[in-house]
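> Shown below is the structure under consideration.
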Amino acid sequence: MMDMFRQPDKLKRAVEQIAPFITQTAVNGARQKGNPRVFIPLHKGTDSYMSPKQFSTFYWPTLQSLIVELCNNDLTPYLLIEGAYDSRLDVIKDVPKGKCLYHFESTDILNAKKVLGDTACLMGNVPNSIEALNIQSEKVLFLSTFFLLTSFIAIQLAMAT
């Protein structure tokens, strides 16, 4: 985190240098396993961890490159997005249409549907805290919203093709 302030140019170069290795490793791993989905857990890009400018400068460019390259290799990026990404939805919309799955933990799923519904498959919005405590009434509410939303998205995608 401090490198974003102390040596931003070196940090950007380091991330850009390691990105091709990570991308090729993901592509090779998916091909070896015969599984077209590539799981990408995102822990540190949240609204509360870095500013929108930091996200757009240090985090998104190489993540977007990874997503695009996976799609170009007929793989499906499955991004598990922990924490809130409410301020980043317009940024993460810039991916190949109909090729990605965004699994949100605590992002406003209804707003995400408005912004990303024509771009990516959306799921989640059951916070880890509810899962960990196994609160059934909260789960039912979240899961009901999820099933209604995904049914609507599936119908929209089917009609668009």
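Convention: chains lettered A, B, ... in structure tokens order; per-chain residue numbering from 1; ligands numbered from 1 as shown.
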Applying 12 Å and only C-alpha atoms, which residues near Thr62 in chain A remain after dropping the ones on its own chain fewer than 6 positions away? List them as a list in words.
Lys12, Arg13, Ala14, Val15, Glu16, Gln17, Ile18, Ala19, Pro20, Phe21, Ile22, Thr23, Phe55, Ser56, Val68, Glu69 and Ile92 of chain A
> With all heavy atoms retained, write the just-selected residues as a compact mmCIF listing (two decimals), in the first residue's frame.

# COMPACT_ATOMS: atom_id res chain seq x y z
N LYS A 12 4.00 0.21 -10.53
CA LYS A 12 3.31 -0.05 -11.80
C LYS A 12 4.16 -0.94 -12.70
O LYS A 12 3.64 -1.87 -13.32
CB LYS A 12 2.99 1.28 -12.50
CG LYS A 12 1.79 1.98 -11.90
CD LYS A 12 1.56 3.36 -12.44
CE LYS A 12 1.34 3.40 -13.91
NZ LYS A 12 0.98 4.73 -14.41
N ARG A 13 5.47 -0.67 -12.76
CA ARG A 13 6.34 -1.51 -13.60
C ARG A 13 6.37 -2.95 -13.08
O ARG A 13 6.33 -3.90 -13.88
CB ARG A 13 7.76 -0.93 -13.64
CG ARG A 13 7.91 0.20 -14.63
CD ARG A 13 9.36 0.53 -14.94
NE ARG A 13 10.19 0.75 -13.77
CZ ARG A 13 10.32 1.93 -13.15
NH1 ARG A 13 9.69 3.00 -13.59
NH2 ARG A 13 11.11 2.05 -12.09
N ALA A 14 6.44 -3.11 -11.77
CA ALA A 14 6.48 -4.45 -11.20
C ALA A 14 5.20 -5.23 -11.50
O ALA A 14 5.26 -6.40 -11.91
CB ALA A 14 6.70 -4.37 -9.69
N VAL A 15 4.08 -4.59 -11.34
CA VAL A 15 2.81 -5.24 -11.62
C VAL A 15 2.69 -5.58 -13.11
O VAL A 15 2.25 -6.67 -13.47
CB VAL A 15 1.63 -4.34 -11.16
CG1 VAL A 15 0.30 -4.90 -11.60
CG2 VAL A 15 1.65 -4.18 -9.64
N GLU A 16 3.10 -4.67 -13.96
CA GLU A 16 3.05 -4.91 -15.40
C GLU A 16 4.00 -6.03 -15.83
O GLU A 16 3.71 -6.75 -16.79
CB GLU A 16 3.37 -3.62 -16.16
CG GLU A 16 2.26 -2.59 -16.06
CD GLU A 16 2.67 -1.19 -16.49
OE1 GLU A 16 3.87 -0.97 -16.84
OE2 GLU A 16 1.81 -0.30 -16.47
N GLN A 17 5.13 -6.19 -15.13
CA GLN A 17 6.07 -7.24 -15.48
C GLN A 17 5.57 -8.62 -15.06
O GLN A 17 5.81 -9.60 -15.77
CB GLN A 17 7.44 -6.97 -14.84
CG GLN A 17 8.20 -5.88 -15.55
CD GLN A 17 9.55 -5.59 -14.89
OE1 GLN A 17 9.81 -6.01 -13.77
NE2 GLN A 17 10.40 -4.87 -15.60
N ILE A 18 4.90 -8.71 -13.93
CA ILE A 18 4.44 -10.02 -13.46
C ILE A 18 3.12 -10.44 -14.10
O ILE A 18 2.81 -11.62 -14.18
CB ILE A 18 4.34 -10.06 -11.92
CG1 ILE A 18 4.32 -11.50 -11.45
CG2 ILE A 18 3.15 -9.28 -11.41
CD1 ILE A 18 4.55 -11.69 -9.97
N ALA A 19 2.37 -9.49 -14.62
CA ALA A 19 1.04 -9.79 -15.18
C ALA A 19 1.06 -10.85 -16.29
O ALA A 19 0.24 -11.77 -16.28
CB ALA A 19 0.36 -8.51 -15.65
N PRO A 20 1.97 -10.77 -17.27
CA PRO A 20 1.98 -11.80 -18.32
C PRO A 20 2.23 -13.20 -17.77
O PRO A 20 1.64 -14.18 -18.26
CB PRO A 20 3.10 -11.36 -19.26
CG PRO A 20 3.25 -9.89 -19.02
CD PRO A 20 2.93 -9.69 -17.57
N PHE A 21 3.08 -13.33 -16.76
CA PHE A 21 3.36 -14.63 -16.15
C PHE A 21 2.10 -15.17 -15.48
O PHE A 21 1.76 -16.35 -15.65
CB PHE A 21 4.49 -14.51 -15.12
CG PHE A 21 4.67 -15.73 -14.28
CD1 PHE A 21 5.28 -16.86 -14.79
CD2 PHE A 21 4.20 -15.76 -12.98
CE1 PHE A 21 5.43 -18.00 -14.02
CE2 PHE A 21 4.34 -16.89 -12.20
CZ PHE A 21 4.96 -18.02 -12.72
N ILE A 22 1.40 -14.33 -14.75
CA ILE A 22 0.17 -14.75 -14.07
C ILE A 22 -0.89 -15.16 -15.11
O ILE A 22 -1.56 -16.18 -14.95
CB ILE A 22 -0.35 -13.64 -13.14
CG1 ILE A 22 0.61 -13.46 -11.97
CG2 ILE A 22 -1.76 -13.92 -12.65
CD1 ILE A 22 0.35 -12.25 -11.10
N THR A 23 -1.01 -14.38 -16.16
CA THR A 23 -1.98 -14.69 -17.21
C THR A 23 -1.67 -16.02 -17.86
O THR A 23 -2.56 -16.86 -18.01
CB THR A 23 -1.99 -13.56 -18.27
OG1 THR A 23 -2.33 -12.33 -17.62
CG2 THR A 23 -2.98 -13.86 -19.38
N PHE A 55 -7.37 2.66 -7.77
CA PHE A 55 -7.90 1.45 -8.41
C PHE A 55 -7.67 1.50 -9.92
O PHE A 55 -7.20 0.54 -10.52
CB PHE A 55 -9.40 1.31 -8.10
CG PHE A 55 -10.02 0.07 -8.68
CD1 PHE A 55 -9.91 -1.15 -8.02
CD2 PHE A 55 -10.71 0.12 -9.87
CE1 PHE A 55 -10.49 -2.29 -8.55
CE2 PHE A 55 -11.30 -1.02 -10.41
CZ PHE A 55 -11.18 -2.23 -9.74
N SER A 56 -8.01 2.63 -10.53
CA SER A 56 -7.87 2.79 -11.97
C SER A 56 -6.41 2.85 -12.43
O SER A 56 -6.11 2.51 -13.58
CB SER A 56 -8.59 4.05 -12.44
OG SER A 56 -9.97 3.91 -12.25
N VAL A 68 -9.38 -9.96 -20.22
CA VAL A 68 -9.48 -9.96 -21.68
C VAL A 68 -8.71 -11.13 -22.27
O VAL A 68 -9.19 -11.83 -23.17
CB VAL A 68 -8.99 -8.61 -22.26
CG1 VAL A 68 -8.81 -8.68 -23.77
CG2 VAL A 68 -9.95 -7.49 -21.88
N GLU A 69 -7.52 -11.36 -21.78
CA GLU A 69 -6.70 -12.45 -22.32
C GLU A 69 -7.33 -13.82 -22.03
O GLU A 69 -7.29 -14.71 -22.89
CB GLU A 69 -5.28 -12.39 -21.74
CG GLU A 69 -4.29 -13.24 -22.48
CD GLU A 69 -4.17 -12.93 -23.97
OE1 GLU A 69 -4.29 -11.76 -24.37
OE2 GLU A 69 -3.98 -13.89 -24.75
N ILE A 92 -15.33 -1.64 -13.96
CA ILE A 92 -15.23 -3.08 -14.24
C ILE A 92 -16.22 -3.54 -15.31
O ILE A 92 -16.24 -4.71 -15.67
CB ILE A 92 -15.37 -3.93 -12.96
CG1 ILE A 92 -16.77 -3.84 -12.35
CG2 ILE A 92 -14.30 -3.56 -11.96
CD1 ILE A 92 -17.01 -4.81 -11.21
> Taking the DSSP secondary structure from the backbone, can you list the residues of range 9-135 of chain A that are helix (DSSP H, G or I), as a VMD selection string?
chain A and resid 9 to 33 52 to 72 86 to 92 109 to 116 128 to 133
> Quick one: pull the distance between CA of Leu80 in chain A and CA of Pro36 in chain A, Å, one decimal.
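Interatomic distance here is 16.0 Å.
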> Do you have, as a Markdown table, the list of residues of range 69-118 of chain A lying at most 12 Å from range 39-50 of chain A, each with its nearest atom pair and that distance in Å to one decimal, counting only C-alpha atoms and ordered by chain then number?

| residue | atom | partner | partner_atom | distance |
| --- | --- | --- | --- | --- |
| A:Leu70 | CA | A:Phe39 | CA | 11.0 |
| A:Leu75 | CA | A:Phe39 | CA | 10.5 |
| A:Thr76 | CA | A:Phe39 | CA | 8.6 |
| A:Pro77 | CA | A:Phe39 | CA | 6.3 |
| A:Tyr78 | CA | A:Phe39 | CA | 4.8 |
| A:Leu79 | CA | A:Ile40 | CA | 4.7 |
| A:Leu80 | CA | A:Pro41 | CA | 4.7 |
| A:Ile81 | CA | A:Leu42 | CA | 5.1 |
| A:Glu82 | CA | A:His43 | CA | 5.6 |
| A:Gly83 | CA | A:Thr46 | CA | 5.7 |
| A:Ala84 | CA | A:Thr46 | CA | 5.5 |
| A:Tyr85 | CA | A:Thr46 | CA | 5.5 |
| A:Asp86 | CA | A:Asp47 | CA | 7.0 |
| A:Ser87 | CA | A:Asp47 | CA | 6.4 |
| A:Arg88 | CA | A:Asp47 | CA | 7.5 |
| A:Leu89 | CA | A:Asp47 | CA | 10.6 |
| A:Val91 | CA | A:Gly45 | CA | 11.9 |
| A:Ile92 | CA | A:Gly45 | CA | 11.2 |
| A:Cys100 | CA | A:Phe39 | CA | 10.7 |
| A:Leu101 | CA | A:Phe39 | CA | 9.6 |
| A:Tyr102 | CA | A:Ile40 | CA | 9.7 |
| A:His103 | CA | A:Pro41 | CA | 9.5 |
| A:Phe104 | CA | A:Leu42 | CA | 10.0 |
| A:Glu105 | CA | A:Leu42 | CA | 10.5 |
| A:Ser106 | CA | A:Thr46 | CA | 10.2 |
| A:Thr107 | CA | A:Thr46 | CA | 9.6 |
> What gap, in Å, lies between CA of Ile109 in chain A and CA of Ile67 in chain A?
20.9 Å
> Nearest to Ala112 in chain A: which of A:Asn35, A:Gly98, A:Asp90, A:Gln24 is it, counting only C-alpha atoms?
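Comparing A:Asn35, A:Gly98, A:Asp90, A:Gln24 against Ala112 in chain A, the winner is A:Asp90.
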